Each structure stands twice: as structure tokens, then as C-alpha cells.
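Content type mmCIF, C-alpha atoms and all ligand atoms, from the file upload_37.cif:
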data_coords
loop_
_atom_site.label_atom_id
_atom_site.label_comp_id
_atom_site.auth_asym_id
_atom_site.auth_seq_id
_atom_site.Cartn_x
_atom_site.Cartn_y
_atom_site.Cartn_z
CA MET A 1 98.33 170.79 168.49
CA SER A 2 95.19 172.38 167.03
CA ASN A 3 94.52 172.52 163.32
CA ALA A 4 94.62 176.29 163.34
CA GLY A 5 97.95 176.21 165.16
CA SER A 6 99.56 173.87 162.64
CA MET A 7 98.12 175.98 159.81
CA ASP A 8 99.75 179.07 161.34
CA ASP A 9 103.05 177.21 161.69
CA PHE A 10 102.83 176.14 158.08
CA GLN A 11 102.05 179.70 156.93
CA GLN A 12 104.82 181.20 159.04
CA THR A 13 107.40 178.74 157.77
CA LEU A 14 106.26 179.21 154.19
CA GLN A 15 106.63 182.98 154.50
CA ARG A 16 110.32 182.63 155.27
CA TYR A 17 110.86 181.55 151.64
CA ASP A 18 110.57 183.55 148.42
CA LEU A 19 108.47 181.34 146.16
CA CYS A 20 107.04 181.71 142.68
CA GLU A 21 103.37 181.20 141.84
CA ALA A 22 103.96 177.64 140.59
CA CYS A 23 105.89 176.53 143.67
CA LEU A 24 103.50 178.27 146.05
CA GLN A 25 100.49 176.57 144.48
CA ARG A 26 102.21 173.18 144.46
CA LEU A 27 103.22 173.42 148.15
CA THR A 28 99.73 174.56 149.22
CA LYS A 29 98.01 172.00 146.99
CA GLY A 30 96.37 174.72 144.94
CA THR A 31 95.12 176.82 147.83
CA ALA A 32 97.67 179.64 147.73
CA GLU A 33 94.93 182.27 147.56
CA ALA A 34 93.99 181.34 151.15
CA PHE A 35 97.37 182.66 152.22
CA THR A 36 98.47 186.26 152.50
CA GLN A 37 101.84 185.43 150.95
CA LYS A 38 102.53 187.04 147.57
CA PRO A 39 104.47 185.06 144.96
CA VAL A 40 107.81 186.37 143.74
CA SER A 41 108.89 186.27 140.08
CA ALA A 42 109.87 182.86 138.75
CA GLN A 43 113.51 183.87 138.45
CA ALA A 44 113.64 184.97 142.09
CA CYS A 45 112.08 181.75 143.40
CA TRP A 46 114.25 180.25 146.15
CA LEU A 47 113.11 176.76 145.24
CA CYS A 48 112.94 176.37 141.46
CA HIS A 49 115.03 179.32 140.12
CA GLY A 50 112.53 179.81 137.29
CA LEU A 51 112.43 176.17 136.17
CA PHE A 52 108.77 176.32 135.20
CA GLU A 53 109.28 179.30 132.91
CA GLU A 54 111.40 176.99 130.79
CA VAL A 55 108.61 174.48 130.21
CA PRO A 56 107.89 175.71 126.63
CA HIS A 57 111.61 175.51 125.87
CA PHE A 58 111.82 171.94 127.18
CA ALA A 59 108.73 171.02 125.15
CA ASP A 60 110.41 172.44 122.02
CA LEU A 61 113.57 170.42 122.66
CA ILE A 62 111.61 167.21 123.11
CA ALA A 63 109.43 167.84 120.06
CA ALA A 64 112.57 168.39 117.96
CA THR A 65 114.14 165.16 119.25
CA LEU A 66 111.01 163.17 118.41
CA VAL A 67 111.01 164.24 114.76
CA GLY A 68 111.44 161.18 112.54
CA TYR A 69 110.00 158.73 115.09
CA GLU A 70 106.67 157.01 114.63
CA TYR A 71 104.74 156.37 117.85
CA GLY A 72 101.22 156.38 119.19
CA SER A 73 101.88 157.39 122.78
CA PHE A 74 104.59 158.97 124.85
CA LEU A 75 105.56 159.83 128.38
CA ILE A 76 107.75 162.65 129.69
CA GLY A 77 110.46 162.08 132.26
CA SER A 78 112.88 164.63 133.64
CA LYS A 79 116.12 164.90 135.52
CA ILE A 80 116.39 167.98 137.69
CA ASP A 81 119.53 169.40 139.21
CA ASP A 82 120.43 167.71 142.53
CA ASP A 83 120.60 171.08 144.31
CA LEU A 84 116.97 171.79 143.47
CA ILE A 85 115.89 168.39 144.74
CA ALA A 86 117.87 168.92 147.94
CA ARG A 87 116.21 172.33 148.50
CA GLU A 88 112.81 170.79 147.92
CA ALA A 89 113.53 168.12 150.56
CA ILE A 90 114.63 170.78 153.06
CA LEU A 91 111.49 172.82 152.46
CA TRP A 92 109.20 169.80 152.85
CA GLN A 93 110.94 168.98 156.11
CA HIS A 94 110.49 172.52 157.44
CA LEU A 95 106.85 172.56 156.41
CA GLY A 96 106.22 169.07 157.74
CA ILE A 97 104.75 167.86 154.45
CA GLN A 98 105.45 165.34 151.73
CA GLY A 99 104.62 167.46 148.72
CA GLU A 100 104.39 166.74 145.04
CA PRO A 101 107.90 166.67 143.55
CA MET A 102 108.80 169.51 141.18
CA LYS A 103 109.68 167.09 138.43
CA MET A 104 106.20 165.60 138.42
CA GLU A 105 104.73 169.01 137.78
CA LEU A 106 107.36 169.66 135.16
CA ASN A 107 106.57 166.38 133.37
CA ARG A 108 102.86 167.08 133.45
CA ARG A 109 103.21 170.61 132.11
CA ILE A 110 105.44 169.49 129.26
CA GLY A 111 103.03 166.64 128.48
CA LYS A 112 100.10 169.06 128.36
CA ILE A 113 101.87 171.21 125.79
CA LEU A 114 102.99 168.27 123.67
CA GLU A 115 99.80 166.18 123.60
CA PRO A 116 97.90 168.58 121.31
CA ARG A 117 100.99 169.71 119.43
CA LEU A 118 102.15 166.21 118.52
CA HIS A 119 98.63 164.77 118.26
CA LYS A 120 99.75 161.89 120.47
CA ILE A 121 98.60 160.79 123.88
CA VAL A 122 100.43 160.50 127.16
CA ASP A 123 100.40 156.86 128.29
CA PHE A 124 101.62 156.19 131.82
CA GLU A 125 101.64 152.41 131.50
CA HIS A 126 102.90 151.40 128.08
CA PRO A 127 104.19 154.44 126.21
CA ASP A 128 105.86 153.79 122.86
CA ILE A 129 108.49 156.38 123.76
CA VAL A 130 109.68 157.92 127.02
CA ALA A 131 111.41 161.28 126.44
CA MET A 132 113.75 162.18 129.28
CA ILE A 133 114.80 165.82 129.54
CA ASP A 134 117.90 166.60 131.57
CA THR A 135 117.13 170.17 132.59
CA SER A 136 120.71 170.93 133.69
CA PHE A 137 122.16 170.17 130.28
CA ASP A 138 119.20 170.70 127.93
CA VAL A 139 119.65 167.16 126.65
CA VAL A 140 116.80 164.85 125.64
CA SER A 141 117.26 161.09 125.63
CA LEU A 142 114.66 158.66 124.29
CA GLN A 143 113.72 155.25 125.62
CA ILE A 144 111.92 153.55 122.79
CA SER A 145 109.79 150.50 123.44
CA SER A 146 110.70 147.49 121.34
CA LEU A 147 108.41 146.39 118.57
CA TYR A 148 107.38 142.72 118.73
CA VAL A 149 106.33 140.61 115.79
CA TYR A 150 104.86 137.13 116.15
CA GLY A 151 104.84 134.52 113.41
CA ARG A 152 105.62 130.91 112.56
CA TYR A 153 108.58 129.78 110.52
CA ARG A 154 109.46 126.89 108.34
CA LYS A 155 113.10 125.94 107.85
CA TYR A 156 113.95 124.02 104.69
CA SER A 157 117.73 124.01 105.07
CA ARG A 158 119.67 121.45 107.10
CA GLU A 159 122.59 123.84 107.22
CA ILE A 160 121.38 126.86 109.15
CA PRO A 161 120.65 127.29 112.86
CA GLN A 162 117.55 128.91 114.29
CA THR A 163 119.37 131.85 115.86
CA LYS A 164 122.49 133.76 114.99
CA TRP A 165 125.45 131.80 116.31
CA PRO A 166 128.43 133.97 117.25
CA CYS A 167 131.90 132.60 116.45
CA ARG A 168 133.11 130.53 119.40
CA ILE A 169 136.66 131.87 119.04
CA CYS A 170 136.12 135.63 118.65
CA ARG A 171 132.52 135.84 119.93
CA GLY A 172 131.44 138.05 117.08
CA LYS A 173 134.38 140.39 116.52
CA GLY A 174 135.63 138.52 113.46
CA CYS A 175 138.74 136.32 113.24
CA ARG A 176 140.52 133.93 110.85
CA PHE A 177 138.59 130.96 112.19
CA CYS A 178 135.23 132.41 111.13
CA GLY A 179 136.54 134.14 108.00
CA TYR A 180 135.97 137.52 109.72
CA LYS A 181 132.22 137.00 109.70
CA GLY A 182 132.03 136.83 113.50
CA LYS A 183 129.64 133.91 113.29
CA MET A 184 129.69 130.16 112.79
CA TYR A 185 127.09 130.05 110.02
CA ASP A 186 126.47 132.36 107.11
CA THR A 187 122.92 132.94 108.16
CA SER A 188 120.13 131.72 110.43
CA VAL A 189 116.36 131.72 110.57
CA GLU A 190 116.67 134.69 112.91
CA GLU A 191 118.67 136.75 110.44
CA LEU A 192 116.58 135.77 107.43
CA ILE A 193 113.44 136.96 109.22
CA ALA A 194 114.62 139.72 111.54
CA VAL A 195 116.93 141.67 109.25
CA PRO A 196 114.23 142.77 106.76
CA LEU A 197 111.90 143.59 109.68
CA LEU A 198 114.60 145.57 111.46
CA SER A 199 115.46 147.48 108.36
CA ALA A 200 111.81 148.42 107.77
CA ALA A 201 111.42 149.48 111.40
CA GLN A 202 114.78 151.33 111.27
CA GLY A 203 115.72 149.73 114.57
CA THR A 204 119.15 149.10 116.09
CA ASP A 205 119.13 145.41 117.02
CA HIS A 206 117.01 142.28 117.07
CA ALA A 207 116.37 139.28 119.31
CA PHE A 208 114.65 136.06 118.32
CA HIS A 209 112.49 134.02 120.70
CA GLY A 210 111.47 130.64 119.30
CA CYS A 211 109.06 128.21 120.85
CA GLY A 212 111.82 125.66 121.33
CA ARG A 213 114.28 124.93 118.55
CA GLU A 214 115.25 122.16 116.17
CA ASP A 215 118.74 120.91 115.51
CA ILE A 216 120.65 122.64 112.73
CA ASP A 217 120.41 119.54 110.54
CA ALA A 218 116.66 119.17 111.14
CA ARG A 219 114.11 120.86 108.93
CA MET A 220 111.04 122.60 110.36
CA LEU A 221 108.04 121.93 108.15
CA GLY A 222 104.26 121.74 108.39
CA SER A 223 102.54 124.54 110.25
CA GLY A 224 105.89 126.02 111.25
CA ARG A 225 107.31 126.91 114.64
CA PRO A 226 105.94 129.91 116.56
CA PHE A 227 108.36 132.74 117.31
CA VAL A 228 108.48 136.36 118.41
CA VAL A 229 111.05 138.76 116.96
CA GLU A 230 111.94 141.74 119.08
CA LEU A 231 113.04 144.86 117.18
CA LYS A 232 114.89 147.27 119.42
CA ASN A 233 114.65 151.06 119.18
CA PRO A 234 112.35 151.17 116.15
CA LYS A 235 111.83 154.51 114.44
CA ILE A 236 108.93 153.12 112.45
CA ARG A 237 106.23 151.05 114.17
CA ASN A 238 103.54 150.71 111.53
CA VAL A 239 105.50 148.45 109.23
CA ASN A 240 103.53 146.55 106.60
CA LEU A 241 103.84 142.94 107.76
CA GLY A 242 102.10 141.50 104.72
CA GLN A 243 104.59 143.17 102.40
CA LEU A 244 107.52 142.26 104.66
CA ALA A 245 106.58 138.58 104.71
CA LYS A 246 107.03 138.66 100.95
CA VAL A 247 110.38 140.44 101.21
CA ILE A 248 111.56 137.92 103.83
CA ASN A 249 110.46 134.90 101.83
CA ASP A 250 111.95 136.18 98.57
CA GLY A 251 115.24 136.91 100.35
CA ALA A 252 115.32 133.65 102.29
CA ALA A 253 115.74 131.83 98.97
CA LYS A 254 114.08 128.58 100.00
CA GLN A 255 116.14 128.26 103.18
CA ALA A 256 113.33 129.42 105.44
CA GLU A 257 109.89 130.97 105.33
CA ALA A 258 107.89 133.26 107.62
CA LEU A 259 104.14 132.79 108.01
CA GLN A 260 101.26 134.56 109.75
CA LEU A 261 103.21 137.63 110.83
CA ARG A 262 101.35 139.88 113.25
CA PHE A 263 102.14 142.44 115.94
CA ALA A 264 102.71 141.07 119.42
CA ASP A 265 103.95 142.33 122.73
CA LYS A 266 106.47 141.43 125.39
CA GLN A 267 104.15 139.10 127.32
CA ASP A 268 103.83 136.91 124.25
CA ILE A 269 107.51 135.91 124.64
CA GLU A 270 106.79 134.50 128.10
CA ARG A 271 103.71 132.75 126.78
CA LEU A 272 105.79 131.15 124.03
CA LYS A 273 108.38 129.98 126.55
CA HIS A 274 105.85 128.47 128.91
CA ALA A 275 103.33 127.07 126.48
CA ASP A 276 103.28 123.33 126.04
CA TYR A 277 103.44 122.45 122.39
CA ARG A 278 103.33 118.91 121.11
CA LYS A 279 105.77 118.27 118.29
CA VAL A 280 105.38 115.85 115.42
CA TYR A 281 108.59 114.58 113.82
CA HIS A 282 109.49 112.73 110.69
CA VAL A 283 112.43 110.43 111.30
CA LEU A 284 114.51 108.57 108.77
CA LEU A 285 115.89 105.79 110.93
CA GLU A 286 118.75 103.48 110.08
CA MET A 287 119.31 100.12 111.78
CA SER A 288 122.64 98.30 111.98
CA THR A 289 120.95 95.04 110.96
CA PRO A 290 117.60 94.56 109.23
CA ILE A 291 114.64 93.32 111.27
CA PRO A 292 111.51 91.48 110.05
CA LYS A 293 108.90 94.06 109.07
CA GLU A 294 106.13 92.69 111.33
CA ARG A 295 108.34 92.74 114.39
CA PHE A 296 109.65 96.19 113.50
CA ILE A 297 106.16 97.70 113.25
CA LYS A 298 104.99 96.02 116.45
CA THR A 299 108.02 97.26 118.39
CA ILE A 300 107.63 100.84 117.17
CA GLN A 301 103.94 100.82 118.10
CA GLY A 302 105.01 99.72 121.58
CA LEU A 303 106.25 103.27 122.12
CA ARG A 304 102.73 104.74 121.90
CA GLY A 305 101.79 106.40 125.16
CA ALA A 306 105.15 105.54 126.74
CA THR A 307 106.84 107.80 129.23
CA ILE A 308 110.54 107.96 128.56
CA GLN A 309 113.29 109.08 130.92
CA GLN A 310 115.98 111.18 129.29
CA PHE A 311 119.15 112.11 131.06
CA THR A 312 120.66 115.28 129.52
CA PRO A 313 122.17 114.18 126.17
CA THR A 314 125.91 114.17 125.82
CA ARG A 315 125.78 116.61 122.87
CA VAL A 316 124.02 119.36 124.85
CA ALA A 317 125.52 118.63 128.28
CA HIS A 318 127.60 121.82 128.17
CA ARG A 319 124.52 124.05 127.95
CA ARG A 320 121.85 122.20 129.94
CA ALA A 321 121.67 121.07 133.56
CA ASN A 322 122.41 117.42 134.11
CA LYS A 323 119.18 115.75 135.13
CA THR A 324 116.64 113.19 134.06
CA ARG A 325 113.52 114.51 132.30
CA ALA A 326 110.33 112.50 131.84
CA ARG A 327 108.65 112.95 128.44
CA THR A 328 105.58 111.39 126.89
CA VAL A 329 105.49 109.83 123.44
CA TYR A 330 101.91 110.42 122.30
CA ASN A 331 102.06 108.59 119.03
CA CYS A 332 104.41 106.64 116.84
CA ASN A 333 103.79 105.36 113.30
CA VAL A 334 105.77 103.47 110.71
CA GLU A 335 105.30 105.12 107.31
CA SER A 336 107.57 102.71 105.44
CA VAL A 337 110.33 100.23 106.12
CA ALA A 338 112.76 98.59 103.71
CA ASP A 339 115.92 96.71 104.60
CA THR A 340 117.75 98.75 107.25
CA ARG A 341 115.88 102.02 106.67
CA ALA A 342 112.50 103.16 107.95
CA ASN A 343 110.42 106.32 107.89
CA LEU A 344 108.58 107.08 111.11
CA THR A 345 106.38 109.84 112.47
CA ILE A 346 106.64 110.43 116.20
CA GLU A 347 104.50 112.83 118.23
CA THR A 348 105.96 113.82 121.58
CA GLU A 349 105.75 116.27 124.40
CA SER A 350 107.86 119.39 123.81
CA GLY A 351 111.44 119.04 124.97
CA THR A 352 111.93 115.42 123.85
CA TYR A 353 115.28 114.55 122.32
CA ILE A 354 114.40 112.42 119.30
CA LYS A 355 117.91 111.42 118.22
CA GLU A 356 118.53 110.02 121.70
CA LEU A 357 115.15 108.29 121.80
CA VAL A 358 116.34 106.39 118.72
CA SER A 359 119.99 105.79 119.62
CA GLY A 360 119.63 105.42 123.38
CA ASP A 361 122.61 107.78 123.89
CA GLY A 362 124.66 105.09 125.66
CA GLY A 363 121.73 104.16 127.88
CA LYS A 364 120.95 107.74 128.99
CA THR A 365 117.46 107.56 127.41
CA GLN A 366 115.20 104.75 128.63
CA PRO A 367 113.39 103.10 126.98
CA ASN A 368 114.94 103.67 123.52
CA LEU A 369 114.46 102.19 120.05
CA SER A 370 117.92 100.63 119.79
CA ASP A 371 117.28 98.50 122.89
CA MET A 372 113.69 97.76 121.92
CA LEU A 373 114.67 96.62 118.42
CA GLY A 374 117.79 94.82 119.63
CA THR A 375 120.05 96.55 117.11
CA PRO A 376 121.81 99.91 117.24
CA CYS A 377 119.81 102.59 115.37
CA VAL A 378 120.53 106.16 114.40
CA VAL A 379 118.57 109.08 112.97
CA ARG A 380 119.69 109.84 109.42
CA GLU A 381 117.24 112.67 108.83
CA LEU A 382 115.00 114.58 111.19
CA ASP A 383 112.21 117.00 110.35
CA VAL A 384 109.74 118.69 112.62
CA ILE A 385 106.55 118.39 110.62
CA ASP A 386 104.18 120.03 113.07
CA VAL A 387 104.23 122.19 116.17
CA LYS A 388 100.74 121.88 117.56
CA GLY A 389 99.15 124.87 119.22
CA GLY A 390 100.46 128.43 119.26
CA ILE A 391 99.21 131.64 120.70
CA THR A 392 95.48 131.81 120.12
CA THR A 393 94.49 134.51 122.58
CA TRP A 394 96.35 137.74 122.29
CA SER A 395 97.34 140.20 124.94
CA TYR A 396 98.24 142.50 122.11
CA ASP A 397 95.61 143.62 119.71
CA ARG A 398 96.15 146.88 117.94
CA LYS A 399 92.52 147.90 117.98
CA GLU A 400 91.89 146.76 121.53
CA ARG A 401 95.08 148.41 122.65
CA GLU A 402 94.15 151.75 121.18
CA THR A 403 90.75 151.58 122.83
CA LYS A 404 92.34 150.62 126.12
CA VAL A 405 94.79 153.50 125.95
CA GLY A 406 91.97 155.80 124.93
CA ILE A 407 89.99 154.80 127.98
CA SER A 408 92.87 155.10 130.40
CA CYS A 409 93.70 158.47 128.88
CA ALA A 410 90.11 159.69 129.26
CA LYS A 411 90.15 158.34 132.81
CA SER A 412 93.33 160.14 133.66
CA ARG A 413 91.96 163.34 132.16
CA ALA A 414 88.77 163.06 134.22
CA HIS A 415 90.90 162.32 137.25
CA ALA A 416 93.12 165.31 136.56
CA ALA A 417 90.10 167.60 136.11
CA SER A 418 88.71 166.62 139.51
CA HIS A 419 92.10 166.83 141.15
CA PRO A 420 93.06 169.93 143.17
CA LEU A 421 96.29 170.17 141.19
CA ARG A 422 94.24 170.65 138.08
CA ALA A 423 92.49 173.67 139.57
CA ARG A 424 95.86 174.96 140.66
CA TYR A 425 97.28 174.49 137.19
CA ARG A 426 94.48 176.55 135.68
CA LEU A 427 94.88 179.17 138.38
CA SER A 428 98.60 179.50 137.91
CA LYS A 429 98.13 179.73 134.16
CA SER A 430 95.62 182.57 134.41
CA ALA A 431 97.75 184.17 137.11
CA THR A 432 100.74 184.14 134.77
CA ALA A 433 98.61 185.67 132.04
CA SER A 434 97.30 188.46 134.26
CA ALA A 435 100.75 189.08 135.70
CA SER A 436 102.22 189.93 132.35
CA PRO A 437 102.37 193.70 131.78
ZN ZN B 501 109.40 178.25 141.93
ZN ZN B 502 135.70 134.40 114.77
#
Please, can you express the file's structure as C-alpha cells?
Amino acid sequence: MSNAGSMDDFQQTLQRYDLCEACLQRLTKGTAEAFTQKPVSAQACWLCHGLFEEVPHFADLIAATLVGYEYGSFLIGSKIDDDLIAREAILWQHLGIQGEPMKMELNRRIGKILEPRLHKIVDFEHPDIVAMIDTSFDVVSLQISSLYVYGRYRKYSREIPQTKWPCRICRGKGCRFCGYKGKMYDTSVEELIAVPLLSAAQGTDHAFHGCGREDIDARMLGSGRPFVVELKNPKIRNVNLGQLAKVINDGAAKQAEALQLRFADKQDIERLKHADYRKVYHVLLEMSTPIPKERFIKTIQGLRGATIQQFTPTRVAHRRANKTRARTVYNCNVESVADTRANLTIETESGTYIKELVSGDGGKTQPNLSDMLGTPCVVRELDVIDVKGGITTWSYDRKERETKVGISCAKSRAHAASHPLRARYRLSKSATASASP
């Protein structure tokens, strides 16, 4: 088949349909003027039924929905009636083309109106808000990107867990067992930190991602433990973290403390989960029978550099897979020892169970201090006094991010300007203007 022949076929098929300027230009990739076919009015268009005339109306609806939200970038999405999509597929098939979908043009046109009006940029990769317009029902729904805040926390209380702990009977609904609170503990590090942040961001829900966790009865001291709080559906994004740290720490009433708050992004959660952080613990150890000081110190120092094998502890067996994990003890020091009590500092690889390293957990941890000392030992008090490391390189940096978005936006504008669709868009705009009486 010759080129001219296929062009004729295309033109002949196209002429069998009444199409508006916008649809004609889209189907001919902006070359409608090369065809003899005259566009019909938007309303009479077989394909879109005047959809593109409604673009300003859709833009108004979206702009009204976005009032009250703070965001730097947005993206438009649309849902078009199934009948229109089906007609478009039929037409493409008849013409033997895979054209640009109507909804892409619709999204772009709405975006072009809203960018200057809202003074915000369209971001295809990481928009703060996606506004979806359902054109059949004139309904706008928003998908709002979560706001992420990184920080480190200290926990001074031996009575609160790291994360909110739903009641094990009612799972959060509230029952007699939990005193209708829906949770096992009055508060948690998560709630102490996330609630003030969520309230400032006017979000709907929060999630807390810690870099590991300590037991409820263990304190978290020293440099604090890294975490990322996720605030879902925030209306406000530019919250003042310095001020909020103060609000959090005043409200936490010496139970916990938030440090070094800064904005983060979703990737930082993964980096927290996969990073290897050494932990330093303070242990108050109690022996069943006293041991000569010299021997005690020598035995404890024997743990330095040891690799221990820990089978999943009995107390967490219901929530962790049963297997043996190898962990390194980097350092071990005796701070003081008197009678049956001793204060130790132990530095280990992340994921080491300290209570079991001391007690032996019925032989499930090998070697262990009870066996090494020849007398059963238990941990009376446990504090994490340092979590070494943290996120030092950031995938999120407000300034860098804005520049990045600025560049990609400029790029996409340059791309659009050189694109045939761009020429078509200008053409159809001037055509509409000249067509008006
Ligand atoms: Zn049309
Ligand atoms: Zn309950």
C-alpha cells in the first residue's frame, strides 16, 4: 500500500465522522488544515459531544475544591464516560491509528488554565495533590500526598510503647477491657509526636516508622532513635517544625522527646528499615548469686567481638518467624558491680535481643551471660543509650526538590512547545477565537 493510498483511506474514513476542531486536530496530530474536512461545532461532535467546551467549567470546579489546601504542585486526572472512550476506540480502529486519548488532552487543557491561576506547577512525577475530575458527575476527588517528617526520639518512660497499641480484645473500637479507650496504653511515643504534627497539618491519620524499637519497659536515651512520621491527607504542608518540636515536648510531659525534626519523603522510610544501626545499651543486671568482681569483669569482657546465635525469643515468638539469627556484640563494659547487681554497657548489631543475651532464654541464645557466669541472671532495667548512625544523605531536600521540579517543569514546557500537539493546541485556540461571531 502506498503512502498516498493510506492517506486517502485515512481521509475518507475520517470524513465519515462529524468531528469538532479539537478532536479533528487531535486525530490528525495537529495537521487538520491539510485536510479538506471542515470541523463541526463542539456540541455536534460525534466523538466528544462538546467535552472540550467544558474545560473552563472543570477548571473552576477543581480550583474550588482545592481551596483551603496548601501545596506546591499538582496534577490533573480525569474520568470520562465509558461511552466516549468506547467511541474513541472504534474510531482509532477504523482509522488504523493509536491516537492520543481524549482524557490526556482534557487533563492538559485544564492544567494549562490552572497553572497560572493557582500559581502552582504541574508535576507529573511527585505532585503534592492529584485532582481527579469525573466529567460524568461533575465531581472532583483529591489524592493528597502524605507529608513525611523525620526526627529522633528519646523515651523517658518505662510505661509507654513506641507505637499506638490497639486493644487486643476490641482492636480499637473500645470495650470494657480497655476502658473504652480502644488501646492497651494511654499513650505512645507515636501519639505524643504525631498528634501535634497531624493537627498542625490538618491531616486525617498518622503512621509511625521507627528504626527498630525498644521494649515498653526500656528507655530510649542518648542521641535518640531515628523515625519517620507519615501524616496522611495534610491540608497544610509548610508546618513550622521548630515550633512543633516545642509543642510536642511540652505536651509529652517528660515521657518522650522529639529532636531534629525535618521534612522527609517516602524513600526515607525504606532507608530507615534497611539501614544498619549499632545500638548501645545500658543494662542493670541481677545475678542469682554474687560472683567475685575480677571474675565477673573478665567474663563480661569475654563477650567483646563475640557472635551470638539467637533463636526467636519466647516472648516475641507470636509475631516473628522462628529461626536462629546471628548477631555481633561489638563491645561490652562493666560500669559498676556490687553484690548481685551490675551496671553494664553493651554495644551490639541492630536486632539483638539483650534480655535474652543475659538470661539465655532457656538456652535459645548462645552464648549467654547466665551460662558464662555460671549463675542465672536477668535484666532489671534496660535503656538504649545510643543509636549510632541515622540518615545523613537526604533524598528529600526542600530547596533541591523545588529546583528539581522547576527543571522538570521547564523541560516539559520546552518539550510541549516543540511538540506537534502544542502547535495544534495554539491553532485550535485561535480557531475557536476566530470562530466566535
Ligand atoms: Zn470533539
Ligand atoms: Zn478494648
Distance cut-off 7 Å, centre (108.3, 134.8, 115.6) in file coordinates, counting only C-alpha atoms: which residues qualify? Return them as a PDB file with C-alpha atoms, in the frame of the given file.
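Produced file result-v3.pdb, reproduced below:
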ATOM      1  CA  VAL A 149     106.330 140.610 115.790  1.00  0.00           C
ATOM      2  CA  TYR A 150     104.860 137.130 116.150  1.00  0.00           C
ATOM      3  CA  GLY A 151     104.840 134.520 113.410  1.00  0.00           C
ATOM      4  CA  ARG A 152     105.620 130.910 112.560  1.00  0.00           C
ATOM      5  CA  HIS A 209     112.490 134.020 120.700  1.00  0.00           C
ATOM      6  CA  GLY A 210     111.470 130.640 119.300  1.00  0.00           C
ATOM      7  CA  PRO A 226     105.940 129.910 116.560  1.00  0.00           C
ATOM      8  CA  PHE A 227     108.360 132.740 117.310  1.00  0.00           C
ATOM      9  CA  VAL A 228     108.480 136.360 118.410  1.00  0.00           C
ATOM     10  CA  VAL A 229     111.050 138.760 116.960  1.00  0.00           C
TER      11      VAL A 229
END
Considering all atoms listed in the file, give me a table of residues in chain A that are at most 7 Å from ligand ZN 501 (chain B), with the closest atom pair and distance in Å for each, as a Markdown table.
| residue | atom | partner | partner_atom | distance |
| --- | --- | --- | --- | --- |
| A:Leu19 | CA | B:ZN501 | ZN | 5.3 |
| A:Cys20 | CA | B:ZN501 | ZN | 4.3 |
| A:Glu21 | CA | B:ZN501 | ZN | 6.7 |
| A:Ala22 | CA | B:ZN501 | ZN | 5.6 |
| A:Cys23 | CA | B:ZN501 | ZN | 4.3 |
| A:Ala42 | CA | B:ZN501 | ZN | 5.6 |
| A:Cys45 | CA | B:ZN501 | ZN | 4.6 |
| A:Trp46 | CA | B:ZN501 | ZN | 6.7 |
| A:Leu47 | CA | B:ZN501 | ZN | 5.2 |
| A:Cys48 | CA | B:ZN501 | ZN | 4.0 |
| A:His49 | CA | B:ZN501 | ZN | 6.0 |
| A:Gly50 | CA | B:ZN501 | ZN | 5.8 |
| A:Leu51 | CA | B:ZN501 | ZN | 6.8 |
Let me see if you get this right: every residue at most 10 Å from ligand ZN 502 (chain B), counting only C-alpha atoms and all ligand atoms, written as number ranges by chain.
A: 166-184
Just the residues within 9 Å of region 279-295 of chain A, please, counting all atoms listed in the file, with nothing from its chain fewer than 6 positions along; format it as a count of residues only.
36
Within 7 Å of Lys266 (chain A), counting only C-alpha atoms, which residues show up once you throw out same-chain ones fewer than 2 positions away? Write them as a compact mmCIF listing (two decimals) with C-alpha atoms, in the coordinates of the input, please.
# COMPACT_ATOMS: atom_id res chain seq x y z
CA TYR A 148 107.38 142.72 118.73
CA ASP A 268 103.83 136.91 124.25
CA ILE A 269 107.51 135.91 124.64
Nearby residues (all atoms listed in the file) at most 8 Å from region 256-259 of chain A, same-chain spacing under 3 positions excluded, as a PyMOL selection string:
chain A and resi 151-157+189+192-193+224+245+248-249+252-253
Just to confirm, what's the straight-line distance from CA of Asn333 (chain A) to CA of Gln301 (chain A) in Å (one decimal)?
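That distance, rounded to one decimal, is 6.6 Å.
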Distance CA of Ala201 (chain A)-CA of Lys246 (chain A), one decimal place?
15.7 Å
Within 9 Å of region 72-75 of chain A, which residues of region 118-217 of chain A come that close, and what is the closest atom pair and distance in Å for each? Count all atoms listed in the file and give it as a tab-separated table.
residue	atom	partner	partner_atom	distance
A:His119	CA	A:Gly72	CA	8.8
A:Lys120	CA	A:Ser73	CA	5.5
A:Ile121	CA	A:Ser73	CA	4.9
A:Val122	CA	A:Phe74	CA	5.0
A:Asp123	CA	A:Ser73	CA	5.7
A:Phe124	CA	A:Leu75	CA	6.4
A:Glu125	CA	A:Leu75	CA	9.0
A:His126	CA	A:Ser73	CA	8.1
A:Pro127	CA	A:Phe74	CA	4.7
A:Asp128	CA	A:Ser73	CA	5.4
A:Ile129	CA	A:Phe74	CA	4.8
A:Val130	CA	A:Leu75	CA	4.7
A:Ala131	CA	A:Leu75	CA	6.3
A:Met132	CA	A:Leu75	CA	8.6
Which residue of A:Ala321, A:Ile297, A:Ile160, A:Val334 approaches Gln255 (chain A) most closely, using all atoms listed in the file
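Looking only at the distances to Gln255 (chain A), the closest residue turns out to be A:Ile160.
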Å distance separating CA of Glu54 (chain A) from CA of Pro101 (chain A), one decimal place:
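Value for the CA of Glu54 (chain A)-CA of Pro101 (chain A) distance: 16.8 Å.
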